[in-house]
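Taking it in order: structure first as structure tokens, then the write-up.
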Amino acid sequence: MKIILPFKFDGTFTAYQKRGYEFGIISAVERDTRSWLLSKYCNCRWDPGGNAKLDFVVTDGEWFAADGVFQIETVRSRKRTSSFLDLDWIDIAKRHIENGIYVYGYFDEYCIPAKTAYLRNHFKHSFFIYGFDDEAGSFYAAGYTKNERFEPYSFSFDEFGQAIEALSHTDLTFVRLNPAFDFCVDLKGLFYSLYDYTYSQCTLSPQQAGFIYGIDTTRKMAEHICGCIESHRYTDLRYSRFLFEFKAFMNERIIYLRERGVIRLDTCNYSDLAEQFRTLHLLCIKNNMTGNSPALKEWPEKLRKIADSERDYMLNLLDDYETYLKAVGQKLN
């Protein structure tokens with residue numbers, strides 16, 4: 001038997017694997033989900049104490065299940081319990097895929113040939129399975145590989161079992177796309193999300209003490225780069241990649257709003273701004289590879305100016321947006 005569930009590698013968000021998994025499922029739906037996606041993922045936050053400091057503002061942790069898009073079930077087990085030893089992880093994964101359910105969890109990449117850590121060091125990291133092939137005896141997976149790209153790869157059933165059993169405990173999360181979910185766009189809700197982003201706040205979900213939100217995360221990135229330069233540390237490429245992916249998606253969102261007649265602003269100004277974050281990411285890569293990128297030293301101050309310019313642009317966008325909503329009879333709180 002061979003089963004491959006719908007999954008699309010569109011490259012929109014790959015700074016973190018879990019966002020690539022999420023986007024891959026939604027983007028593979030055979031109807032327009034892009035407009036809905038553009039109405040979400042609008043705000044970001046900087047968590048000073050987090051492992052992944054820069055990420056989206058989400059309401060329920062790893063997945064956007066609170067919106068009703070996904071139906072989630074998690075199985076937790078510890079190695080020292082009889083339940084862990086009795087569970088057939090390979091069979092569990094296959095049975096869920098047969099029922100149209102994706103499998104997400106954590107394993108030890110030491111056991112997985114496609115990973116950089118293979119036979120080198122034990123590294124607990126997330127995996128995502130969207131298919132299997134009995135004849136080949138392998139699972140189809142998505143994630144970062146030793147090629148340093150978010151891409152499809154595979155591993156044998158035995159390698160999967162070994163990678164699970166190498167951990168002291170494991171969680172498997174089963175993710176099903178809600179077949180009844182209506183991917184309609186809430187333009188009023190999108191306005192409030194963009195309002196939060198522009199004013200660097202979080203009113204649509206619980207605000208966390210000490211977190212930085214919205215445009216001000218660009219200023220925190222400036223501080224991160226300053227700290228890395230002063231202490232001769234690598235910059236965290238997840239953050240620079242996230243920023244350029246986030247701004248590129250915001251640019252696509254702004255073009256969408258212009259095409260729908262919601263705003264009248266010239267989109268070229270934001271396109272130019274967004275492209276600067278791609279340049280920043282490439283400079284961070286160069287800095288980490290060579291240990292020396294003089295041009296990067298100019299960026300902390302440049303980022304602060306970009307943040308000011310972006311806020312000015314977004315304030316004008318909100319004015320246009322509010323005018324549109326009033327014109328179509330949408331009252332704002």
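Simple scheme: letters A, B, ... for chains in structure tokens order, numbers from 1 for residues in each chain, numbers from 1 for ligands in the order shown.
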Please identify which residues in region 36-192 of chain A DSSP calls alpha helix (DSSP H) from the backbone, and express them as an NGL selection string. :A and (36-38 or 82-86 or 89-98 or 157-165 or 187-192)
For Gly100 (chain A), find every residue with an atom within 9 Å (counting only C-alpha atoms), except residues of its own chain fewer than 3 positions away, and show them as a PDB file with N, CA and C atoms, in the first residue's frame.
ATOM      1  N   LEU A   5      -0.658  11.914   1.471  1.00  0.00           N
ATOM      2  CA  LEU A   5      -1.677  12.927   1.739  1.00  0.00           C
ATOM      3  C   LEU A   5      -1.291  14.246   1.070  1.00  0.00           C
ATOM      4  N   HIS A  96      -3.031   6.194  11.082  1.00  0.00           N
ATOM      5  CA  HIS A  96      -3.569   7.547  11.019  1.00  0.00           C
ATOM      6  C   HIS A  96      -3.472   8.118   9.609  1.00  0.00           C
ATOM      7  N   ILE A  97      -2.374   7.870   8.930  1.00  0.00           N
ATOM      8  CA  ILE A  97      -2.239   8.355   7.552  1.00  0.00           C
ATOM      9  C   ILE A  97      -3.304   7.717   6.654  1.00  0.00           C
ATOM     10  N   TYR A 130       3.607  12.731   6.021  1.00  0.00           N
ATOM     11  CA  TYR A 130       2.389  12.899   5.232  1.00  0.00           C
ATOM     12  C   TYR A 130       2.125  11.720   4.297  1.00  0.00           C
ATOM     13  N   VAL A 175      -2.873  15.352  13.172  1.00  0.00           N
ATOM     14  CA  VAL A 175      -3.427  16.597  12.646  1.00  0.00           C
ATOM     15  C   VAL A 175      -4.326  16.290  11.455  1.00  0.00           C
ATOM     16  N   ARG A 176      -5.580  16.649  11.596  1.00  0.00           N
ATOM     17  CA  ARG A 176      -6.539  16.470  10.502  1.00  0.00           C
ATOM     18  C   ARG A 176      -7.089  17.841  10.103  1.00  0.00           C
ATOM     19  N   LEU A 177      -7.154  18.078   8.800  1.00  0.00           N
ATOM     20  CA  LEU A 177      -7.788  19.304   8.321  1.00  0.00           C
ATOM     21  C   LEU A 177      -9.293  19.162   8.503  1.00  0.00           C
TER      22      LEU A 177
END
Please provide the set of residues having any atom within 8 Å of region 260-272 of chain A, restricted to only C-alpha atoms, with same-chain residues fewer than 3 positions apart removed, written as JSON, numbers by chain. {"A": [248, 251, 254, 255, 256, 257, 275, 276, 310, 313, 316, 317, 320, 321, 324, 325]}
As a PyMOL selection string, list the residues of region 129-211 of chain A assigned to strand (DSSP E) by DSSP on the backbone atoms of this structure. chain A and resi 129-133+138-144+150-156+169-177
Emit the selected residues as an mmCIF file, in the first residue's frame, including C-alpha atoms.
data_model
loop_
_atom_site.group_PDB
_atom_site.id
_atom_site.type_symbol
_atom_site.label_atom_id
_atom_site.label_comp_id
_atom_site.auth_asym_id
_atom_site.auth_seq_id
_atom_site.Cartn_x
_atom_site.Cartn_y
_atom_site.Cartn_z
ATOM 1 C CA ILE A 129 4.866 12.601 8.095
ATOM 2 C CA TYR A 130 2.389 12.899 5.232
ATOM 3 C CA GLY A 131 2.612 9.467 3.610
ATOM 4 C CA PHE A 132 4.117 5.990 3.493
ATOM 5 C CA ASP A 133 5.036 3.271 1.011
ATOM 6 C CA SER A 138 9.428 4.055 4.284
ATOM 7 C CA PHE A 139 7.596 7.177 5.375
ATOM 8 C CA TYR A 140 7.335 10.417 3.379
ATOM 9 C CA ALA A 141 8.257 13.429 5.476
ATOM 10 C CA ALA A 142 8.759 17.194 5.272
ATOM 11 C CA GLY A 143 11.397 19.217 7.069
ATOM 12 C CA TYR A 144 14.905 20.593 7.038
ATOM 13 C CA PHE A 150 12.914 22.649 3.898
ATOM 14 C CA GLU A 151 12.090 19.828 1.504
ATOM 15 C CA PRO A 152 10.641 16.337 1.141
ATOM 16 C CA TYR A 153 12.693 13.420 2.448
ATOM 17 C CA SER A 154 12.081 9.867 3.607
ATOM 18 C CA PHE A 155 13.198 7.374 6.227
ATOM 19 C CA SER A 156 12.577 3.682 6.711
ATOM 20 C CA HIS A 169 9.581 10.248 26.163
ATOM 21 C CA THR A 170 7.697 11.279 23.057
ATOM 22 C CA ASP A 171 4.548 13.032 21.906
ATOM 23 C CA LEU A 172 2.748 12.208 18.691
ATOM 24 C CA THR A 173 0.275 14.776 17.450
ATOM 25 C CA PHE A 174 -2.298 13.742 14.862
ATOM 26 C CA VAL A 175 -3.427 16.597 12.646
ATOM 27 C CA ARG A 176 -6.539 16.470 10.502
ATOM 28 C CA LEU A 177 -7.788 19.304 8.321
#
If we count only C-alpha atoms and set the cut-off at 8 Å, which residues sit around Lys188 (chain A), ignoring sequence neighbours fewer than 3 positions away in its own chain? Please answer as a ChimeraX atom specification. /A:191-192,325,330,332
Please, could you write that set of residues out with N, CA and C atoms as an mmCIF file, in the first residue's frame?
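Once written, selection.cif looks like this:
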data_model
loop_
_atom_site.group_PDB
_atom_site.id
_atom_site.type_symbol
_atom_site.label_atom_id
_atom_site.label_comp_id
_atom_site.auth_asym_id
_atom_site.auth_seq_id
_atom_site.Cartn_x
_atom_site.Cartn_y
_atom_site.Cartn_z
ATOM 1 N N PHE A 191 -8.432 43.788 9.719
ATOM 2 C CA PHE A 191 -8.120 45.172 10.091
ATOM 3 C C PHE A 191 -7.589 45.234 11.518
ATOM 4 N N TYR A 192 -8.258 44.558 12.438
ATOM 5 C CA TYR A 192 -7.820 44.611 13.839
ATOM 6 C C TYR A 192 -6.462 43.939 14.030
ATOM 7 N N LEU A 325 -13.999 50.142 5.167
ATOM 8 C CA LEU A 325 -14.938 49.414 6.025
ATOM 9 C C LEU A 325 -16.183 50.255 6.329
ATOM 10 N N GLN A 330 -19.350 48.520 7.641
ATOM 11 C CA GLN A 330 -18.743 47.787 8.754
ATOM 12 C C GLN A 330 -18.366 48.774 9.849
ATOM 13 N N LEU A 332 -16.598 49.873 13.268
ATOM 14 C CA LEU A 332 -15.438 49.496 14.084
ATOM 15 C C LEU A 332 -15.707 49.842 15.528
#
Mind checking which residues fall within 12 Å of Lys124 (chain A), counting only C-alpha atoms, ignoring those fewer than 4 positions away in the same chain, and posting them as JSON, numbers by chain? {"A": [105, 106, 107, 108, 109, 110, 111, 112, 115, 117, 118, 163, 164, 165, 166, 167, 168, 169, 170, 171]}
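Across the structure, CA of Glu135 (chain A) and CA of Gly161 (chain A) are spaced 17.3 Å apart.
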Interatomic distance (Å, one decimal) between CA of Arg45 (chain A) and CA of Thr203 (chain A):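 Between CA of Arg45 (chain A) and CA of Thr203 (chain A) the gap is 12.5 Å.
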Would you kindly return, as a ChimeraX atom specification, each protein, DNA or RNA residue with an atom no farther than 10 Å from any atom of region 48-52 of chain A, considering only C-alpha atoms and excluding same-chain residues fewer than 2 positions away? /A:16,45-46,54-55,210-212,220,236,238-239
What's the 8 Å shell around Thr12 (chain A), counting only C-alpha atoms, without same-chain residues fewer than 5 positions away, as a list in words?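 Answer for this query is Gly20, Phe23, Glu245 and Phe249 of chain A.
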Take the residues just selected and output them with N, CA and C atoms as a PDB file, in the first residue's frame.
ATOM      1  N   GLY A  20       6.046  25.575   8.346  1.00  0.00           N
ATOM      2  CA  GLY A  20       6.064  24.947   7.023  1.00  0.00           C
ATOM      3  C   GLY A  20       5.079  23.803   6.937  1.00  0.00           C
ATOM      4  N   PHE A  23       1.458  25.472   6.801  1.00  0.00           N
ATOM      5  CA  PHE A  23       1.196  26.065   5.490  1.00  0.00           C
ATOM      6  C   PHE A  23       1.068  24.991   4.418  1.00  0.00           C
ATOM      7  N   GLU A 245      10.630  36.458   5.461  1.00  0.00           N
ATOM      8  CA  GLU A 245       9.434  35.734   5.031  1.00  0.00           C
ATOM      9  C   GLU A 245       8.171  36.460   5.492  1.00  0.00           C
ATOM     10  N   PHE A 249       5.381  38.176   3.042  1.00  0.00           N
ATOM     11  CA  PHE A 249       3.967  37.783   3.113  1.00  0.00           C
ATOM     12  C   PHE A 249       3.090  39.001   3.386  1.00  0.00           C
TER      13      PHE A 249
END
How many Å separate CA of Trp89 (chain A) from CA of Arg76 (chain A)? 11.8 Å
For Leu283 (chain A), which residue out of A:Leu315, A:Leu187, A:Val328, A:Ile225 is the nearest one, using only C-alpha atoms?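 The answer is A:Ile225, which sits nearest to Leu283 (chain A).
Closest approach to Asp91 (chain A) from the set A:Gly227, A:Met289, A:Val103, A:Val69 is made by A:Val103, with distances taken over only C-alpha atoms.
Distances from A:Asp319, A:Glu259, A:Asp308, A:Glu30 to Thr217 (chain A) were compared using only C-alpha atoms, and the smallest one belongs to A:Asp308.
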Using only C-alpha atoms, the best pick from A:His125, A:Ala15, A:Gln71, A:Tyr41 as closest to Leu237 (chain A) would be A:Ala15
